[in-house]
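> Once you've had a glance at the structure underneath, I'll fire off some questions.
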Amino acid sequence: MLSDEILRPPRTRGPQDDNSKKMIATKMFFTKGLGVHKDRLASFEAALRDAGIEKCNLVYVSSILPPSCKIVPREEGIKLLNAGQITFCVMARTETCEPNRLVSAAIGVAVPTDKENQYGYLSEHHSFGETGKKAGDYAEDLAATMLATTLGVEFDSDKAWEEREQTYKASGHIFKTMNVCQSAEGNKDGLWTTAIATAVLLP
């Protein structure tokens with residue numbers, strides 16, 4: 001005869017179970033880096049070292065800023081990392097071996113006013129021939145526009161970013177937008193040049 005313990009169906013976990021929240025980031029920080037080397041992979045490694053995240057096993061994720069996720073300074077975030085740690089991040093990466101070619105990698109973020117209950121957006125942008133400011137503004141625009149459409153904020157997509165930025169913030173739904181960008185010119189001797197910008201998500 002089977003015991004009641006065996007016959008009993010497995011308990012379905014509810015939303016309040018501790019395990020259900022283990023994969024939701026509570027902190028996030030931004031960092032960027034630049035690497036130059038004759039080998040492509042080594043150039044990327046140098047960029048990771050410059051960004052301070054080379055000791056982690058990075059896992060790329062898509063672009064949601066969780067509710068209640070606190071944005072902390074880079075120095076504070078890096079101190080929370082351990083060697084070999086599986087670390088989730090949103091990363092923009094651009095590389096070239098063409099001398100003097102302009103490369104940019106940017107991450108944009110849009111934080112909702114109700115950041116305790118509403119999620120925000122992150123965006124990544126990788127480009128050639130754009131200045132750091134242009135690439136950064138574009139990434140910030142992407143994140144803000146994705147959040148605006150989610151919240152039902154009306155805007156004119158044909159207007160310049162500066163005008164739409166004011167519209168978004170005046171709506172009362174978007175608290176803050178910002179970006180981090182790394183740009184560089186390709187090494188004059190044709191070495192691989194890698195630019196990265198990253199939002200690192202922490203438990």
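By order of appearance in the structure tokens: chains A, B, ..., then residues from 1 within every chain, and ligands from 1 in the order shown.
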Got a sec to tell me which of stretch 27-180 of chain A DSSP assigns to strand (DSSP E), as a ChimeraX atom specification?
/A:27-37,57-60,64-65,70-71,86-96,102-112,120-128,174-180
> Export C-alpha atoms of the chosen residues as a PDB file, in the first residue's frame?

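Result saved to part_13.pdb:
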```pdb
ATOM      1  CA  LYS A  27      20.792  45.581  -7.654  1.00  0.00           C
ATOM      2  CA  MET A  28      22.324  46.725 -10.904  1.00  0.00           C
ATOM      3  CA  PHE A  29      25.366  48.727 -11.931  1.00  0.00           C
ATOM      4  CA  PHE A  30      26.722  50.107 -15.183  1.00  0.00           C
ATOM      5  CA  THR A  31      30.252  49.749 -16.439  1.00  0.00           C
ATOM      6  CA  LYS A  32      32.189  50.124 -19.669  1.00  0.00           C
ATOM      7  CA  GLY A  33      35.556  49.124 -21.052  1.00  0.00           C
ATOM      8  CA  LEU A  34      37.985  49.316 -23.950  1.00  0.00           C
ATOM      9  CA  GLY A  35      40.465  46.682 -25.083  1.00  0.00           C
ATOM     10  CA  VAL A  36      43.172  46.608 -27.774  1.00  0.00           C
ATOM     11  CA  HIS A  37      45.111  43.487 -28.804  1.00  0.00           C
ATOM     12  CA  ASN A  57      31.075  33.934 -16.130  1.00  0.00           C
ATOM     13  CA  LEU A  58      28.804  36.300 -18.006  1.00  0.00           C
ATOM     14  CA  VAL A  59      25.341  35.335 -19.189  1.00  0.00           C
ATOM     15  CA  TYR A  60      23.653  37.751 -21.589  1.00  0.00           C
ATOM     16  CA  ILE A  64      14.082  44.372 -18.377  1.00  0.00           C
ATOM     17  CA  LEU A  65      14.927  46.422 -15.289  1.00  0.00           C
ATOM     18  CA  LYS A  70      18.447  49.541  -7.062  1.00  0.00           C
ATOM     19  CA  ILE A  71      21.047  51.133  -9.355  1.00  0.00           C
ATOM     20  CA  ILE A  86      27.614  33.291 -13.000  1.00  0.00           C
ATOM     21  CA  THR A  87      26.663  36.892 -13.650  1.00  0.00           C
ATOM     22  CA  PHE A  88      23.719  38.132 -15.693  1.00  0.00           C
ATOM     23  CA  CYS A  89      24.180  41.244 -17.769  1.00  0.00           C
ATOM     24  CA  VAL A  90      22.901  43.268 -20.686  1.00  0.00           C
ATOM     25  CA  MET A  91      25.883  43.973 -22.907  1.00  0.00           C
ATOM     26  CA  ALA A  92      26.596  46.096 -25.954  1.00  0.00           C
ATOM     27  CA  ARG A  93      29.810  45.151 -27.781  1.00  0.00           C
ATOM     28  CA  THR A  94      31.454  46.542 -30.907  1.00  0.00           C
ATOM     29  CA  GLU A  95      34.852  45.662 -32.323  1.00  0.00           C
ATOM     30  CA  THR A  96      37.005  46.471 -35.332  1.00  0.00           C
ATOM     31  CA  LEU A 102      34.919  54.776 -35.035  1.00  0.00           C
ATOM     32  CA  VAL A 103      33.097  52.228 -32.868  1.00  0.00           C
ATOM     33  CA  SER A 104      30.591  52.737 -30.060  1.00  0.00           C
ATOM     34  CA  ALA A 105      28.784  50.479 -27.588  1.00  0.00           C
ATOM     35  CA  ALA A 106      26.013  51.913 -25.432  1.00  0.00           C
ATOM     36  CA  ILE A 107      23.439  50.846 -22.844  1.00  0.00           C
ATOM     37  CA  GLY A 108      20.347  52.964 -22.197  1.00  0.00           C
ATOM     38  CA  VAL A 109      17.955  52.717 -19.257  1.00  0.00           C
ATOM     39  CA  ALA A 110      14.488  54.083 -18.548  1.00  0.00           C
ATOM     40  CA  VAL A 111      13.239  53.986 -14.946  1.00  0.00           C
ATOM     41  CA  PRO A 112       9.488  54.278 -14.275  1.00  0.00           C
ATOM     42  CA  GLY A 120      11.713  49.539 -16.594  1.00  0.00           C
ATOM     43  CA  TYR A 121      13.723  48.950 -19.743  1.00  0.00           C
ATOM     44  CA  LEU A 122      17.339  48.555 -20.749  1.00  0.00           C
ATOM     45  CA  SER A 123      18.555  48.748 -24.322  1.00  0.00           C
ATOM     46  CA  GLU A 124      21.817  47.926 -26.042  1.00  0.00           C
ATOM     47  CA  HIS A 125      23.191  49.688 -29.112  1.00  0.00           C
ATOM     48  CA  HIS A 126      26.289  48.768 -31.128  1.00  0.00           C
ATOM     49  CA  SER A 127      27.395  51.041 -33.934  1.00  0.00           C
ATOM     50  CA  PHE A 128      30.105  52.128 -36.342  1.00  0.00           C
ATOM     51  CA  ILE A 174       8.954  58.005 -16.462  1.00  0.00           C
ATOM     52  CA  PHE A 175      11.218  59.037 -13.604  1.00  0.00           C
ATOM     53  CA  LYS A 176      14.672  58.940 -15.177  1.00  0.00           C
ATOM     54  CA  THR A 177      16.553  58.010 -18.333  1.00  0.00           C
ATOM     55  CA  MET A 178      20.316  57.700 -18.761  1.00  0.00           C
ATOM     56  CA  ASN A 179      23.003  55.915 -20.738  1.00  0.00           C
ATOM     57  CA  VAL A 180      26.553  54.636 -20.500  1.00  0.00           C
TER      58      VAL A 180
END
```
> Can you pull out the residues contacting stretch 81-85 of chain A? Cut-off 9 Å, using only C-alpha atoms, and skip same-chain residues under 5 positions away; I want them as an NGL selection string.
:A and (53-58 or 202)
> Keeping only N, CA and C atoms, take the residues you just selected and write them out as a PDB file, in the first residue's frame.

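File written: out_28.pdb
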```pdb
ATOM      1  N   ILE A  53      34.887  43.374 -14.899  1.00  0.00           N
ATOM      2  CA  ILE A  53      34.006  42.205 -14.800  1.00  0.00           C
ATOM      3  C   ILE A  53      34.618  40.966 -15.447  1.00  0.00           C
ATOM      4  N   GLU A  54      35.949  40.956 -15.622  1.00  0.00           N
ATOM      5  CA  GLU A  54      36.608  39.856 -16.319  1.00  0.00           C
ATOM      6  C   GLU A  54      36.589  38.542 -15.547  1.00  0.00           C
ATOM      7  N   LYS A  55      36.407  38.590 -14.225  1.00  0.00           N
ATOM      8  CA  LYS A  55      36.485  37.367 -13.430  1.00  0.00           C
ATOM      9  C   LYS A  55      35.162  36.606 -13.356  1.00  0.00           C
ATOM     10  N   CYS A  56      34.133  37.127 -14.008  1.00  0.00           N
ATOM     11  CA  CYS A  56      32.807  36.508 -13.943  1.00  0.00           C
ATOM     12  C   CYS A  56      32.503  35.674 -15.184  1.00  0.00           C
ATOM     13  N   ASN A  57      31.640  34.676 -15.006  1.00  0.00           N
ATOM     14  CA  ASN A  57      31.075  33.934 -16.130  1.00  0.00           C
ATOM     15  C   ASN A  57      29.798  34.656 -16.541  1.00  0.00           C
ATOM     16  N   LEU A  58      29.896  35.406 -17.619  1.00  0.00           N
ATOM     17  CA  LEU A  58      28.804  36.300 -18.006  1.00  0.00           C
ATOM     18  C   LEU A  58      27.729  35.572 -18.813  1.00  0.00           C
ATOM     19  N   LEU A 202      22.497  41.979 -10.323  1.00  0.00           N
ATOM     20  CA  LEU A 202      22.959  41.245  -9.145  1.00  0.00           C
ATOM     21  C   LEU A 202      21.775  40.790  -8.289  1.00  0.00           C
TER      22      LEU A 202
END
```
> What does the structure give for the distance between atom CA of A:Ile196 and atom CA of A:Glu165, in Å to one decimal?
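The value is 24.9 Å.
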> Between A:Glu116, A:Phe155, A:Ser68, A:Ala197, single out the one closest to A:Gly136, counting only C-alpha atoms.
A:Ala197
> Go through chain A and collect every residue that DSSP, computed from the backbone, puts in helix (DSSP H, G or I); the answer should be as a PyMOL selection string.
chain A and resi 4-7+18-21+40-51+74-79+132-151+161-170
> As an exercise, work out the distance from atom CA of A:Leu80 to atom CA of A:Val61 in Å and give it to one decimal place.
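Atom-to-atom, atom CA of A:Leu80 and atom CA of A:Val61 are spaced 19.2 Å apart.
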